[in-house]
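Everything on this sheet refers to the single structure shown next.
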Amino acid sequence: MLRIEDTDRERSTPENIEQILDALRWLELDWDEGPVSQAGRAERHRARVEELLSSGRAYRDPATGEDVAAWKMEHGNRGYHGEPVEDPGAAVRLRVPDEGDTVVEDEIRGEVRFPNQAADDFVIARGDGSALYNLAVAVDDAEMGITHVIRGDDHLSNTPKQLLVMEALGVERPRYAHLPLLHGPDGKKLSKRHGAASVQELRDAGYLPAAVRNYLSLLGWGTQDDTTIMSTDELIERFDLERVGRSSAIFDEQKLRWLNGRFMREMELDDYTAAVARHVGREPDERLRAACEIAQEKAQTLEEVWPLIGFLFEEPEIDEKAWRKVMKDGALPLLGEALEALRGAESFDPPELESVLGRIVAEHDLKPGKLYQPIRVAITGTSVSPGIFESLSVLGRERSVNRIEKALKRLSSDQSSGGIK
RNA sequence: GCCGCUAUCGUCUAGGGGACUAGGACGCCGGAUUCUCAGUCCGGAAACCCGGGUUCGAAUCCCGGUAGCGGUGCCA
């Protein structure tokens with residue numbers, strides 16, 4: 001059972017929660033609505049605090065963080081214990097025993113012992129009676145009947161506190177598994193400045209849910225036989241908490257890109273087209289499908305598809321750098337010949353185009369690029385595109401011819417003005 | 001400061017006393033293929049944090065350092 005940990009009243013806005021659920025939906029994860037809802041939660045937490053107060057397991061204490069620090073200066077570096085006061089506006093602290101250990105039985109890390117002597121009587125509720133995280137979580141887990149808590153390693157140190165609360169409350173403890181944390185390339189906790197750090201950003205960057213699931217599963221976990229690419233079904237079958245590692249991992253977007261590319265290339269064309277359509281906000285029509293077909297093996301992310309096929313849908317902007325590089329010595333007459341050949345081609349299928357244009361290459365004993373690059377720049381505006389015959393074919397005779405004519409016009413005026421040779 | 005966790009190529013990892021001359025993947029470098037870019041295929045460089053101990057034998061077990069990370073809030 002999934003519990004979204006967020007007890008802060010300010011931040012648990014419906015939008016916030018909806019955002020998280022949205023990310024989970026994109027990842028195609030399943031979940032159930034828990035029996036504990038937002039409604040009445042704060043009141044239930046308060047009731048538990050009162051319960052602990054009247055049983056003497058907790059007490060009110062006005063000490064601030066500074067007071068605690070001062071107390072430690074005096075009493076040496078060990079757990080803080082305050083003096084109960086009657087002040088109803090003071091924060092509530094849980095009594096922590098001064099001896100023994102609080103032991104977390106972790107599925108991944110084994111037995112982790114926390115000496116009670118070093119633990120403070122920590123605050124479980126604010127002066128106004130509202131609950132703090134460690135109390136809220138313990139209460140929620142108990143009330144929701146949580147049996148397994150699987151979460152980030154950053155919570156391992158909080159676990160003894162939650163255990164102490166549960167013990168004081170006399171409720172059963174769940175089993176715990178603390179997963180290694182994910183870090184950015186600088187070794188720090190993953191955050192905004194690391195680029196695509198959130199699931200939403202991964203989606204916007206054009207990654208596939210299946211690839212993200214695969215990649216993420218590989219952080220902190222590996223198969224014995226070194227399998228890296230796994231379908232989600234295979235992942236479900238093979239993933240095993242017992243084989244999860246203990247050290248944190250650095251998120252490497254390059255590997256995700258590679259993995260995503262593999263998934264992209266293996267997709268059925270219809271699924272691929274649908275995914276691209278969704279990403280660029282277009283209808284998955286026949287033309288898009290044809291465009292996707294010639295771009296599929298080139299793109300690593302959905303985001304990279306449009307730059308490859310955009311020329312099929314709108315008049316391309318000429319990349320001046322590419323133009324200068326390609327439109328020189330002999331480009332003009334060659335383009336002219338190509339234009340005639342294309343006009344006269346029997347069909348506009350890739351094989352026919354290849355033989356028609358190939359004839360020109362052979363006649364002049366050219367390096368193929370000498371002919372194909374100028375054509376490419378003329379019809380796509382750039383020097384990078386899908387295969388030239390496929391590109392021409394999908395673009396169609398009329399538009400191809402138009403664009404080459406246009407390039408020819410510019411080329412001849414450039415040359416006569418001596419601007420570019 | 002105190003408490004806790006962690007430590008194998010740049011990165012993700014496999015390996016948990018002898019099979020290790022330490023395996024795979026991404027990335028990087030070189031080559032092949034090709035109309036560009038990709039892709040694909042071949043090849044290469046690249047790691048057991050340091051110091052002790054246990055043992056015939058340690059990447060592997062133990063202890064100590066060091067480093068990184070997390071917690072230590074009337075944050076979650």
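Residues are named by chain letter and number: chains run A, B, ... in the order of the structure tokens, numbers start at 1 in each chain, and ligands are numbered from 1 in the order shown.
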
### Message
For range 289-298 of chain A, find every residue with an atom within 8 Å (counting only C-alpha atoms (C1' of nucleotides)), except residues of its own chain fewer than 6 positions away, and show them as an NGL selection string.
### Response
(:A and (264-265 or 269-270 or 272-273 or 276 or 305 or 308-309 or 312 or 386-387 or 390-391 or 394)) or (:B and (37-39))

Output of the above residues as a PDB file, in the first residue's frame, restricted to C-alpha atoms (C1' of nucleotides):
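File written: out18.pdb
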ATOM      1  CA  MET A 264      12.097   3.557 -29.002  1.00  0.00           C
ATOM      2  CA  ARG A 265      13.581   1.430 -31.739  1.00  0.00           C
ATOM      3  CA  LEU A 269       5.281   1.741 -35.557  1.00  0.00           C
ATOM      4  CA  ASP A 270       1.699   2.482 -34.511  1.00  0.00           C
ATOM      5  CA  TYR A 272       5.634   4.842 -31.800  1.00  0.00           C
ATOM      6  CA  THR A 273       3.506   7.172 -33.862  1.00  0.00           C
ATOM      7  CA  VAL A 276       5.265  10.921 -30.848  1.00  0.00           C
ATOM      8  CA  VAL A 305      11.857  13.167 -33.253  1.00  0.00           C
ATOM      9  CA  LEU A 308      14.147  15.146 -37.709  1.00  0.00           C
ATOM     10  CA  ILE A 309      10.726  15.206 -39.317  1.00  0.00           C
ATOM     11  CA  LEU A 312       7.755  17.255 -43.690  1.00  0.00           C
ATOM     12  CA  PRO A 386      16.611  10.749 -42.104  1.00  0.00           C
ATOM     13  CA  GLY A 387      17.816   8.916 -45.197  1.00  0.00           C
ATOM     14  CA  GLU A 390      13.142   8.210 -47.710  1.00  0.00           C
ATOM     15  CA  SER A 391      12.987  11.894 -46.932  1.00  0.00           C
ATOM     16  CA  VAL A 394       7.725  11.086 -47.875  1.00  0.00           C
TER      17      VAL A 394
ATOM     18  C1'   C B  37      23.372  12.287 -38.233  1.00  0.00           C
ATOM     19  C1'   A B  38      22.245   8.310 -35.687  1.00  0.00           C
ATOM     20  C1'   G B  39      22.176   3.028 -35.485  1.00  0.00           C
TER      21        G B  39
END

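Using only C-alpha atoms (C1' of nucleotides), the contacts of G52 in chain B at a cut-off of 12 Å, with sequence neighbours closer than 2 positions omitted, comprise C50, U54, C62, C63, G64 and G65 of chain B.
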
Using the selection just defined, write its residues with C-alpha atoms (C1' of nucleotides) as a PDB file, in the first residue's frame.
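Final file, selection39.pdb:
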ATOM      1  C1'   C B  50      43.698   3.653   2.994  1.00  0.00           C
ATOM      2  C1'   U B  54      42.415 -13.341  10.551  1.00  0.00           C
ATOM      3  C1'   C B  62      37.210  -8.463  11.397  1.00  0.00           C
ATOM      4  C1'   C B  63      39.115  -3.834  13.477  1.00  0.00           C
ATOM      5  C1'   G B  64      40.743   1.191  12.834  1.00  0.00           C
ATOM      6  C1'   G B  65      41.095   5.421   9.807  1.00  0.00           C
TER       7        G B  65
END

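Candidate residues A:Arg282, A:Arg257, A:His75, A:Arg287 were compared for distance to chain B, and the nearest is A:Arg257, using only C-alpha atoms (C1' of nucleotides).
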
### Query
Between A:Val149, A:Leu235, A:Leu94, A:Ala42, which is the closest to Arg57 in chain A once you count only C-alpha atoms?
A:Leu94

### Message
With 8 Å as the limit and counting only C-alpha atoms (C1' of nucleotides), what residues in chain A lie close to chain B? Please list them as a ChimeraX atom specification.
### Response
/A:5-8,64-65,77-78,91,114-115,118-119,123,125-127,133,153-158,188,218-219,221-226,228,246-250,252,254-255,258,297-299,368-369,372-373,383-388
